[in-house]
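Q: What follows is upload-v7.txt; its format and atoms are compact mmCIF, C-alpha atoms.
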# COMPACT_ATOMS: atom_id res chain seq x y z
CA MET A 96 34.90 2.72 -12.04
CA GLN A 97 32.37 4.43 -9.77
CA ASP A 98 29.57 3.57 -12.18
CA CYS A 99 30.56 -0.08 -12.17
CA LEU A 100 30.59 -0.05 -8.37
CA PHE A 101 27.15 1.56 -8.36
CA TYR A 102 25.69 -1.14 -10.57
CA LEU A 103 27.40 -3.84 -8.50
CA PHE A 104 26.10 -2.53 -5.17
CA ALA A 105 22.63 -1.77 -6.56
CA ALA A 106 22.29 -5.27 -8.00
CA LEU A 107 23.55 -6.79 -4.76
CA THR A 108 21.12 -4.71 -2.70
CA LEU A 109 18.11 -5.63 -4.82
CA LEU A 110 19.07 -9.30 -5.11
CA CYS A 111 19.50 -9.68 -1.37
CA GLY A 112 16.27 -7.70 -0.85
CA VAL A 113 14.42 -10.23 -2.99
CA LEU A 114 15.97 -13.08 -1.04
CA VAL A 115 14.83 -11.48 2.25
CA ILE A 116 11.18 -11.62 1.31
CA ALA A 117 11.01 -14.60 -1.06
CA ASN A 118 13.76 -17.16 -0.73
CA PRO A 119 12.94 -20.09 -3.05
CA PHE A 120 14.82 -22.62 -0.94
CA THR A 121 13.78 -21.96 2.61
CA ARG A 122 11.34 -19.85 4.59
CA ASN A 123 13.43 -19.84 7.70
CA PRO A 124 13.45 -16.34 9.29
CA VAL A 125 17.16 -16.73 10.11
CA THR A 126 17.97 -16.85 6.39
CA SER A 127 15.86 -13.74 5.83
CA ALA A 128 17.74 -11.96 8.61
CA MET A 129 21.11 -12.91 7.12
CA PHE A 130 20.12 -11.62 3.69
CA LEU A 131 18.86 -8.44 5.35
CA VAL A 132 22.35 -7.99 6.79
CA LEU A 133 23.79 -8.36 3.27
CA THR A 134 21.27 -5.83 1.93
CA ILE A 135 22.23 -3.33 4.60
CA VAL A 136 25.96 -3.79 4.02
CA SER A 137 25.64 -3.30 0.27
CA MET A 138 23.49 -0.25 0.93
CA ALA A 139 26.32 1.10 3.08
CA GLY A 140 28.42 0.67 -0.06
CA LEU A 141 25.94 2.85 -1.95
CA PHE A 142 26.23 5.43 0.85
CA VAL A 143 30.01 5.46 0.41
CA LEU A 144 29.52 6.05 -3.32
CA LEU A 145 27.32 9.02 -2.36
CA HIS A 146 30.16 10.30 -0.13
CA ALA A 147 28.06 9.83 3.03
CA PHE A 148 30.90 8.17 4.90
CA PHE A 149 29.62 8.77 8.40
CA LEU A 150 26.19 7.41 7.54
CA ALA A 151 27.74 4.33 5.94
CA ALA A 152 29.59 3.65 9.18
CA VAL A 153 26.45 4.26 11.26
CA GLN A 154 24.46 2.03 8.91
CA ILE A 155 26.83 -0.88 9.47
CA LEU A 156 27.24 -0.26 13.20
CA VAL A 157 23.61 0.34 14.11
CA TYR A 158 21.69 -1.68 11.51
CA ALA A 159 23.96 -4.60 10.67
CA GLY A 160 25.29 -4.63 14.22
CA ALA A 161 22.73 -3.73 16.85
CA VAL A 162 19.38 -4.10 15.10
CA MET A 163 20.14 -7.38 13.37
CA VAL A 164 21.60 -8.89 16.53
CA LEU A 165 18.32 -7.98 18.23
CA PHE A 166 16.38 -9.63 15.40
CA LEU A 167 18.45 -12.81 15.50
CA PHE A 168 18.19 -12.92 19.27
CA VAL A 169 14.39 -12.81 19.14
CA ILE A 170 14.23 -15.34 16.27
CA MET A 171 16.37 -17.77 18.25
CA LEU A 172 14.33 -17.09 21.38
CA LEU A 173 11.05 -18.02 19.74
CA ASP A 174 10.45 -21.47 18.35
CA LEU A 175 9.40 -20.86 14.76
CA LYS A 176 9.50 -24.36 13.30
CA GLU A 177 5.75 -24.45 12.80
CA GLU A 178 5.67 -21.36 10.56
CA GLU A 179 7.42 -23.03 7.67
CA ARG A 180 4.69 -25.56 7.03
CA ARG A 181 2.00 -22.99 6.22
CA ARG A 182 1.26 -22.34 2.57
CA ILE A 183 1.15 -18.84 1.13
CA LYS A 184 -2.00 -18.37 -0.90
CA ALA A 185 -0.97 -18.15 -4.57
CA GLY A 186 -3.78 -15.77 -5.57
CA ALA A 187 -3.04 -13.32 -2.79
CA ALA A 188 0.68 -13.42 -3.58
CA ALA A 189 0.02 -12.75 -7.28
CA LEU A 190 -2.24 -9.80 -6.43
CA ALA A 191 0.39 -8.42 -4.06
CA VAL A 192 3.05 -8.65 -6.77
CA VAL A 193 0.74 -6.80 -9.18
CA ALA A 194 0.03 -4.08 -6.61
CA ALA A 195 3.67 -3.52 -5.65
CA GLY A 196 4.68 -3.67 -9.32
CA CYS A 197 2.13 -1.01 -10.21
CA ILE A 198 3.47 1.29 -7.49
CA ALA A 199 7.01 0.70 -8.74
CA VAL A 200 6.05 1.48 -12.34
CA ILE A 201 4.20 4.66 -11.31
CA MET A 202 7.08 5.98 -9.22
CA ILE A 203 9.77 5.10 -11.77
CA THR A 204 7.71 6.79 -14.51
CA VAL A 205 7.46 9.91 -12.36
CA ILE A 206 11.21 9.89 -11.74
CA ARG A 207 11.94 9.49 -15.45
CA GLN A 208 9.49 12.28 -16.40
CA SER A 209 10.76 14.73 -13.82
CA LYS A 210 14.37 14.47 -15.04
CA ALA A 211 15.40 14.93 -11.44
CA GLY A 212 18.83 16.29 -10.79
CA LEU A 213 19.84 16.96 -14.39
CA GLY A 214 22.45 19.67 -14.41
CA LEU A 215 23.41 18.87 -10.86
CA GLU A 216 25.56 15.93 -11.84
CA THR A 217 28.65 17.58 -10.41
CA ALA A 218 27.74 17.03 -6.79
CA THR A 219 30.03 18.61 -4.25
CA VAL A 220 28.54 17.84 -0.84
CA GLU A 221 30.79 15.74 1.34
CA GLY A 222 29.13 13.89 4.21
CA SER A 223 32.19 14.00 6.40
CA THR A 224 31.80 13.59 10.13
CA LEU A 225 33.03 17.14 10.76
CA ASP A 226 30.38 18.85 8.60
CA LEU A 227 27.63 16.55 9.79
CA GLY A 228 28.53 17.03 13.46
CA ARG A 229 28.76 20.78 13.10
CA LYS A 230 25.33 20.91 11.51
CA LEU A 231 23.88 18.51 14.07
CA PHE A 232 25.03 20.59 17.02
CA THR A 233 24.14 24.02 15.63
CA ASN A 234 21.01 23.83 13.48
CA TYR A 235 19.63 20.60 14.88
CA THR A 236 20.38 20.73 18.59
CA LEU A 237 16.76 20.51 19.73
CA PRO A 238 15.86 17.46 17.57
CA PHE A 239 19.09 15.85 18.70
CA GLU A 240 18.10 16.22 22.35
CA LEU A 241 14.54 15.07 21.62
CA ILE A 242 15.80 11.95 19.89
CA SER A 243 17.63 11.00 23.06
CA LEU A 244 14.26 11.23 24.83
CA VAL A 245 12.78 8.89 22.20
CA LEU A 246 15.56 6.40 22.89
CA LEU A 247 14.94 6.62 26.63
CA VAL A 248 11.21 6.05 26.20
CA ALA A 249 11.88 3.11 23.86
CA MET A 250 14.24 1.59 26.42
CA ILE A 251 11.72 1.93 29.24
CA GLY A 252 8.98 0.57 27.01
CA ALA A 253 11.03 -2.46 25.99
CA VAL A 254 11.88 -3.24 29.62
CA LEU A 255 8.25 -2.83 30.68
CA LEU A 256 6.94 -5.01 27.85
CA SER A 257 9.38 -7.82 28.59
CA LYS A 258 8.27 -8.13 32.20
CA LYS A 259 6.79 -11.46 33.11
CA ASP A 260 3.23 -10.43 33.89
CA ILE A 261 1.81 -7.62 31.80
CA LYS A 262 -1.52 -6.49 33.15
CA MET B 384 25.39 4.52 -21.09
CA THR B 385 24.57 7.67 -19.16
CA PRO B 386 26.69 8.42 -16.08
CA VAL B 387 25.13 7.41 -12.80
CA GLY B 388 23.07 10.30 -11.45
CA LEU B 389 20.26 11.02 -9.07
CA GLN B 390 17.73 9.08 -11.14
CA HIS B 391 19.63 5.82 -10.88
CA TYR B 392 19.75 6.02 -7.11
CA LEU B 393 16.07 6.94 -6.92
CA VAL B 394 15.11 3.98 -9.10
CA VAL B 395 17.05 1.63 -6.82
CA SER B 396 15.32 3.23 -3.84
CA VAL B 397 11.86 2.80 -5.38
CA LEU B 398 12.52 -0.84 -6.26
CA LEU B 399 13.75 -1.57 -2.75
CA PHE B 400 10.72 0.17 -1.25
CA CYS B 401 8.37 -1.92 -3.38
CA LEU B 402 10.21 -5.07 -2.35
CA GLY B 403 9.62 -4.14 1.27
CA LEU B 404 5.95 -3.43 0.55
CA LEU B 405 5.63 -6.79 -1.18
CA GLY B 406 7.17 -8.50 1.82
CA VAL B 407 4.74 -6.80 4.19
CA ILE B 408 1.79 -7.93 2.08
CA VAL B 409 2.88 -11.46 1.21
CA ARG B 410 4.72 -12.82 4.21
CA ARG B 411 2.72 -14.10 7.18
CA ASN B 412 5.40 -14.17 9.86
CA VAL B 413 5.46 -11.07 12.06
CA LEU B 414 9.25 -11.11 12.27
CA VAL B 415 9.69 -11.21 8.49
CA ILE B 416 7.10 -8.43 8.15
CA TYR B 417 9.24 -6.43 10.53
CA MET B 418 12.32 -7.07 8.40
CA SER B 419 10.41 -5.88 5.33
CA LEU B 420 9.56 -2.69 7.23
CA GLU B 421 13.28 -2.18 7.81
CA LEU B 422 13.81 -2.64 4.08
CA MET B 423 11.30 0.15 3.36
CA LEU B 424 12.98 2.47 5.87
CA ASN B 425 16.32 1.77 4.23
CA ALA B 426 14.90 2.60 0.82
CA ALA B 427 13.72 5.96 2.15
CA ASN B 428 17.17 6.54 3.64
CA LEU B 429 18.81 5.88 0.28
CA ALA B 430 16.50 8.40 -1.42
CA LEU B 431 17.26 11.01 1.25
CA VAL B 432 21.02 10.54 0.99
CA SER B 433 21.01 10.72 -2.79
CA PHE B 434 18.86 13.88 -2.76
CA SER B 435 21.23 15.38 -0.20
CA ARG B 436 24.23 14.54 -2.39
CA PHE B 437 22.84 15.85 -5.65
CA ASN B 438 21.26 18.99 -4.23
CA ASN B 439 24.39 20.05 -2.32
CA ASN B 440 22.48 20.12 0.93
CA LEU B 441 23.55 18.25 4.04
CA ASP B 442 20.14 18.34 5.76
CA GLY B 443 19.05 15.09 4.12
CA GLN B 444 21.86 13.21 5.82
CA ILE B 445 20.83 14.65 9.19
CA ILE B 446 17.31 13.34 8.63
CA VAL B 447 18.73 9.92 7.78
CA PHE B 448 20.63 10.03 11.06
CA PHE B 449 17.36 10.63 12.90
CA VAL B 450 15.53 7.98 10.88
CA ILE B 451 18.15 5.39 11.82
CA THR B 452 17.78 6.32 15.50
CA VAL B 453 13.99 6.12 15.42
CA ALA B 454 14.17 2.82 13.52
CA ALA B 455 16.46 1.36 16.17
CA SER B 456 14.10 2.32 19.00
CA GLU B 457 11.12 1.11 16.96
CA VAL B 458 12.77 -2.27 16.53
CA ALA B 459 13.47 -2.52 20.26
CA VAL B 460 9.86 -1.80 21.23
CA GLY B 461 8.40 -3.87 18.39
CA LEU B 462 10.46 -6.94 19.18
CA ALA B 463 9.54 -6.62 22.87
CA LEU B 464 5.89 -6.58 21.76
CA ILE B 465 6.41 -9.67 19.59
CA VAL B 466 8.06 -11.52 22.48
CA ALA B 467 5.19 -10.56 24.81
CA LEU B 468 2.70 -11.68 22.16
CA TYR B 469 4.46 -14.99 21.65
CA ARG B 470 4.54 -15.61 25.37
CA ARG B 471 0.78 -15.20 25.58
CA ARG B 472 -0.46 -16.68 22.28
CA HIS B 473 2.42 -19.00 21.25
CA THR B 474 2.43 -17.88 17.64
CA THR B 475 3.97 -15.24 15.40
CA HIS B 476 1.71 -16.04 12.48
CA VAL B 477 -0.46 -13.05 11.62
CA GLU B 478 -3.47 -15.17 10.61
CA ASP B 479 -3.60 -16.59 14.13
CA LEU B 480 -3.65 -13.08 15.60
CA ALA B 481 -7.14 -12.04 14.50
CA ALA B 482 -8.67 -11.51 17.94
CA LEU B 483 -9.79 -8.00 17.02
CA LYS B 484 -11.57 -9.27 13.92
CA ASP B 485 -14.08 -11.56 15.69
Please go through the file and, once you have read it, give me the structure as structure tokens.
A:
Amino acid sequence: MQDCLFYLFAALTLLCGVLVIANPFTRNPVTSAMFLVLTIVSMAGLFVLLHAFFLAAVQILVYAGAVMVLFLFVIMLLDLKEEERRRIKAGAAALAVVAAGCIAVIMITVIRQSKAGLGLETATVEGSTLDLGRKLFTNYTLPFELISLVLLVAMIGAVLLSKKDIK
Amino acid sequence: MTPVGLQHYLVVSVLLFCLGLLGVIVRRNVLVIYMSLELMLNAANLALVSFSRFNNNLDGQIIVFFVITVAASEVAVGLALIVALYRRRHTTHVEDLAALKD
């Protein structure tokens, strides 16, 4: 049952990922954004299969919620009609596919050779909110506080950049 | 068929990462390039979570938590930059943004 769900979610993730970057029917960024939402949701499914329940919830809340709303907001704000008429150079696209494919083949070969995780098939870690929170507030208190600083700086930066007249 | 283990998750992660890389190289719209970057970050997250699960170590999930936070702030700043760029140059097409090249 779990294996079937894995294959289902993995196929869904990869299929929607392909449709984000190369949709044969349209090159509208809104469509890409919608398929990115689907990719993220099916990846949250993979997180649930890995027993990372809290991260699955955060993934849907932060990525599919906040980040994608931001993306859609900006796409709607800008007028992007003109983009769709440009051609993508076929030679450059073919070379890019070859390059990315080579990297994929290399990394998958390495994973197959290394036999990673054999003998550890009986995983026991549970990513429950309790364990994660306990770890976050004991071992990782300093990074947790620093990340709030990062968020503050990002907020100030975004406000500053959106001002009418940047010098 | 072998039961689903760490390798399966890592292969999915690699494929997703390469899809994101392909998108960054091929697409010419800054916004879609940004979405491909998110795809690559997500692929890294999947690898971290699966390592954390199969090595009985929760630290990987903590790192994913931080990666998601940094990605969110990165998107906020990056999209503000794109809006500022569009306001000045009226394009989001990377081939029109070659001022540093000339």
Q: Using only C-alpha atoms, find the residues of chain B whose closest atom to chain A is at most 8 Å away, then write them as a ChimeraX atom specification.
A: /B:386-390,393-395,397-399,401-406,408-412,414-415,418-419,422,425,429,432-433,435-441,444-445,447-449,451-453,455-460,462-464,466-467,469,475-476
Q: Convert the current residue selection to file output with C-alpha atoms, as a compact mmCIF listing (two decimals), in the frame of the given file.
A:
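Result saved to out.txt:
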# COMPACT_ATOMS: atom_id res chain seq x y z
CA PRO B 386 26.69 8.42 -16.08
CA VAL B 387 25.13 7.41 -12.80
CA GLY B 388 23.07 10.30 -11.45
CA LEU B 389 20.26 11.02 -9.07
CA GLN B 390 17.73 9.08 -11.14
CA LEU B 393 16.07 6.94 -6.92
CA VAL B 394 15.11 3.98 -9.10
CA VAL B 395 17.05 1.63 -6.82
CA VAL B 397 11.86 2.80 -5.38
CA LEU B 398 12.52 -0.84 -6.26
CA LEU B 399 13.75 -1.57 -2.75
CA CYS B 401 8.37 -1.92 -3.38
CA LEU B 402 10.21 -5.07 -2.35
CA GLY B 403 9.62 -4.14 1.27
CA LEU B 404 5.95 -3.43 0.55
CA LEU B 405 5.63 -6.79 -1.18
CA GLY B 406 7.17 -8.50 1.82
CA ILE B 408 1.79 -7.93 2.08
CA VAL B 409 2.88 -11.46 1.21
CA ARG B 410 4.72 -12.82 4.21
CA ARG B 411 2.72 -14.10 7.18
CA ASN B 412 5.40 -14.17 9.86
CA LEU B 414 9.25 -11.11 12.27
CA VAL B 415 9.69 -11.21 8.49
CA MET B 418 12.32 -7.07 8.40
CA SER B 419 10.41 -5.88 5.33
CA LEU B 422 13.81 -2.64 4.08
CA ASN B 425 16.32 1.77 4.23
CA LEU B 429 18.81 5.88 0.28
CA VAL B 432 21.02 10.54 0.99
CA SER B 433 21.01 10.72 -2.79
CA SER B 435 21.23 15.38 -0.20
CA ARG B 436 24.23 14.54 -2.39
CA PHE B 437 22.84 15.85 -5.65
CA ASN B 438 21.26 18.99 -4.23
CA ASN B 439 24.39 20.05 -2.32
CA ASN B 440 22.48 20.12 0.93
CA LEU B 441 23.55 18.25 4.04
CA GLN B 444 21.86 13.21 5.82
CA ILE B 445 20.83 14.65 9.19
CA VAL B 447 18.73 9.92 7.78
CA PHE B 448 20.63 10.03 11.06
CA PHE B 449 17.36 10.63 12.90
CA ILE B 451 18.15 5.39 11.82
CA THR B 452 17.78 6.32 15.50
CA VAL B 453 13.99 6.12 15.42
CA ALA B 455 16.46 1.36 16.17
CA SER B 456 14.10 2.32 19.00
CA GLU B 457 11.12 1.11 16.96
CA VAL B 458 12.77 -2.27 16.53
CA ALA B 459 13.47 -2.52 20.26
CA VAL B 460 9.86 -1.80 21.23
CA LEU B 462 10.46 -6.94 19.18
CA ALA B 463 9.54 -6.62 22.87
CA LEU B 464 5.89 -6.58 21.76
CA VAL B 466 8.06 -11.52 22.48
CA ALA B 467 5.19 -10.56 24.81
CA TYR B 469 4.46 -14.99 21.65
CA THR B 475 3.97 -15.24 15.40
CA HIS B 476 1.71 -16.04 12.48
Q: If I take CA of Ile465 in chain B and CA of Cys111 in chain A, how far is one from the other in Å, to one decimal?
A: 24.7 Å
Q: Figure out the distance between CA of Ala159 in chain A and CA of Glu421 in chain B, please, to one decimal in Å.
A: 11.3 Å
Q: Just the number, please: distance in Å from CA of Met171 in chain A to CA of Val477 in chain B, one decimal.
A: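 Computing the Euclidean distance for CA of Met171 in chain A and CA of Val477 in chain B yields 18.7 Å.
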Q: Pick from B:Val450, B:Arg471, B:Phe434, B:Val407: nearest to Leu420 in chain B, with only C-alpha atoms counted?
A: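 Using only C-alpha atoms, Leu420 in chain B sits closest to B:Val407.
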Q: Need the axis-aligned box for range 463-468 of chain B with 3 Å each side, so what are the centre and edges in Å to one decimal, as JSON?
A:
{"center_x": 6.1, "center_y": -9.1, "center_z": 22.2, "size_x": 12.8, "size_y": 11.1, "size_z": 11.2}
Q: Would you mind exporting range 131-144 of chain A with all heavy atoms, as an mmCIF file, in the first residue's frame?
A:
data_model
loop_
_atom_site.group_PDB
_atom_site.id
_atom_site.type_symbol
_atom_site.label_atom_id
_atom_site.label_comp_id
_atom_site.auth_asym_id
_atom_site.auth_seq_id
_atom_site.Cartn_x
_atom_site.Cartn_y
_atom_site.Cartn_z
ATOM 1 N N LEU A 131 3.270 24.167 -10.231
ATOM 2 C CA LEU A 131 4.210 24.160 -9.109
ATOM 3 C C LEU A 131 3.473 23.890 -7.801
ATOM 4 O O LEU A 131 3.968 23.153 -6.939
ATOM 5 C CB LEU A 131 4.963 25.489 -9.048
ATOM 6 C CG LEU A 131 6.095 25.554 -8.041
ATOM 7 C CD1 LEU A 131 7.094 24.450 -8.295
ATOM 8 C CD2 LEU A 131 6.794 26.888 -8.097
ATOM 9 N N VAL A 132 2.260 24.441 -7.668
ATOM 10 C CA VAL A 132 1.455 24.141 -6.481
ATOM 11 C C VAL A 132 1.192 22.638 -6.393
ATOM 12 O O VAL A 132 1.351 22.020 -5.325
ATOM 13 C CB VAL A 132 0.127 24.921 -6.511
ATOM 14 C CG1 VAL A 132 -0.782 24.463 -5.397
ATOM 15 C CG2 VAL A 132 0.367 26.402 -6.407
ATOM 16 N N LEU A 133 0.816 22.026 -7.534
ATOM 17 C CA LEU A 133 0.549 20.579 -7.531
ATOM 18 C C LEU A 133 1.804 19.798 -7.159
ATOM 19 O O LEU A 133 1.743 18.829 -6.401
ATOM 20 C CB LEU A 133 0.071 20.151 -8.911
ATOM 21 C CG LEU A 133 -1.430 20.313 -9.170
ATOM 22 C CD1 LEU A 133 -1.763 19.832 -10.562
ATOM 23 C CD2 LEU A 133 -2.210 19.521 -8.153
ATOM 24 N N THR A 134 2.966 20.219 -7.705
ATOM 25 C CA THR A 134 4.223 19.548 -7.359
ATOM 26 C C THR A 134 4.458 19.591 -5.862
ATOM 27 O O THR A 134 4.822 18.586 -5.239
ATOM 28 C CB THR A 134 5.396 20.248 -8.069
ATOM 29 O OG1 THR A 134 5.045 20.464 -9.414
ATOM 30 C CG2 THR A 134 6.641 19.425 -7.997
ATOM 31 N N ILE A 135 4.251 20.782 -5.277
ATOM 32 C CA ILE A 135 4.529 20.949 -3.857
ATOM 33 C C ILE A 135 3.572 20.119 -3.013
ATOM 34 O O ILE A 135 3.980 19.489 -2.029
ATOM 35 C CB ILE A 135 4.456 22.451 -3.507
ATOM 36 C CG1 ILE A 135 5.705 23.142 -4.042
ATOM 37 C CG2 ILE A 135 4.337 22.665 -2.039
ATOM 38 C CD1 ILE A 135 5.599 24.626 -4.077
ATOM 39 N N VAL A 136 2.305 20.055 -3.427
ATOM 40 C CA VAL A 136 1.333 19.278 -2.653
ATOM 41 C C VAL A 136 1.666 17.790 -2.724
ATOM 42 O O VAL A 136 1.631 17.079 -1.700
ATOM 43 C CB VAL A 136 -0.096 19.563 -3.151
ATOM 44 C CG1 VAL A 136 -1.074 18.583 -2.540
ATOM 45 C CG2 VAL A 136 -0.506 20.976 -2.803
ATOM 46 N N SER A 137 2.041 17.294 -3.918
ATOM 47 C CA SER A 137 2.370 15.872 -3.990
ATOM 48 C C SER A 137 3.670 15.573 -3.262
ATOM 49 O O SER A 137 3.841 14.478 -2.722
ATOM 50 C CB SER A 137 2.431 15.398 -5.437
ATOM 51 O OG SER A 137 3.113 16.305 -6.233
ATOM 52 N N MET A 138 4.571 16.585 -3.190
ATOM 53 C CA MET A 138 5.774 16.379 -2.395
ATOM 54 C C MET A 138 5.446 16.337 -0.906
ATOM 55 O O MET A 138 6.062 15.576 -0.156
ATOM 56 C CB MET A 138 6.774 17.487 -2.672
ATOM 57 C CG MET A 138 8.052 17.251 -1.948
ATOM 58 S SD MET A 138 9.320 18.257 -2.602
ATOM 59 C CE MET A 138 9.658 17.359 -4.052
ATOM 60 N N ALA A 139 4.437 17.090 -0.489
ATOM 61 C CA ALA A 139 3.976 16.974 0.897
ATOM 62 C C ALA A 139 3.465 15.560 1.154
ATOM 63 O O ALA A 139 3.667 15.008 2.247
ATOM 64 C CB ALA A 139 2.883 18.002 1.178
ATOM 65 N N GLY A 140 2.847 14.947 0.139
ATOM 66 C CA GLY A 140 2.454 13.550 0.270
ATOM 67 C C GLY A 140 3.649 12.642 0.505
ATOM 68 O O GLY A 140 3.610 11.740 1.351
ATOM 69 N N LEU A 141 4.741 12.895 -0.229
ATOM 70 C CA LEU A 141 5.963 12.108 -0.019
ATOM 71 C C LEU A 141 6.493 12.315 1.401
ATOM 72 O O LEU A 141 6.969 11.379 2.044
ATOM 73 C CB LEU A 141 7.035 12.516 -1.035
ATOM 74 C CG LEU A 141 6.850 12.020 -2.459
ATOM 75 C CD1 LEU A 141 7.969 12.522 -3.333
ATOM 76 C CD2 LEU A 141 6.821 10.517 -2.495
ATOM 77 N N PHE A 142 6.398 13.559 1.905
ATOM 78 C CA PHE A 142 6.843 13.832 3.275
ATOM 79 C C PHE A 142 6.024 13.025 4.273
ATOM 80 O O PHE A 142 6.562 12.506 5.257
ATOM 81 C CB PHE A 142 6.720 15.326 3.591
ATOM 82 C CG PHE A 142 7.812 16.170 3.001
ATOM 83 C CD1 PHE A 142 8.805 15.608 2.223
ATOM 84 C CD2 PHE A 142 7.858 17.527 3.243
ATOM 85 C CE1 PHE A 142 9.812 16.384 1.689
ATOM 86 C CE2 PHE A 142 8.866 18.307 2.717
ATOM 87 C CZ PHE A 142 9.838 17.739 1.937
ATOM 88 N N VAL A 143 4.707 12.923 4.029
ATOM 89 C CA VAL A 143 3.867 12.132 4.929
ATOM 90 C C VAL A 143 4.303 10.671 4.898
ATOM 91 O O VAL A 143 4.382 10.008 5.934
ATOM 92 C CB VAL A 143 2.381 12.280 4.554
ATOM 93 C CG1 VAL A 143 1.535 11.271 5.303
ATOM 94 C CG2 VAL A 143 1.896 13.684 4.849
ATOM 95 N N LEU A 144 4.625 10.158 3.701
ATOM 96 C CA LEU A 144 5.096 8.776 3.604
ATOM 97 C C LEU A 144 6.402 8.591 4.364
ATOM 98 O O LEU A 144 6.698 7.498 4.845
ATOM 99 C CB LEU A 144 5.295 8.389 2.144
ATOM 100 C CG LEU A 144 4.024 8.161 1.337
ATOM 101 C CD1 LEU A 144 4.371 7.744 -0.067
ATOM 102 C CD2 LEU A 144 3.167 7.110 1.997
#
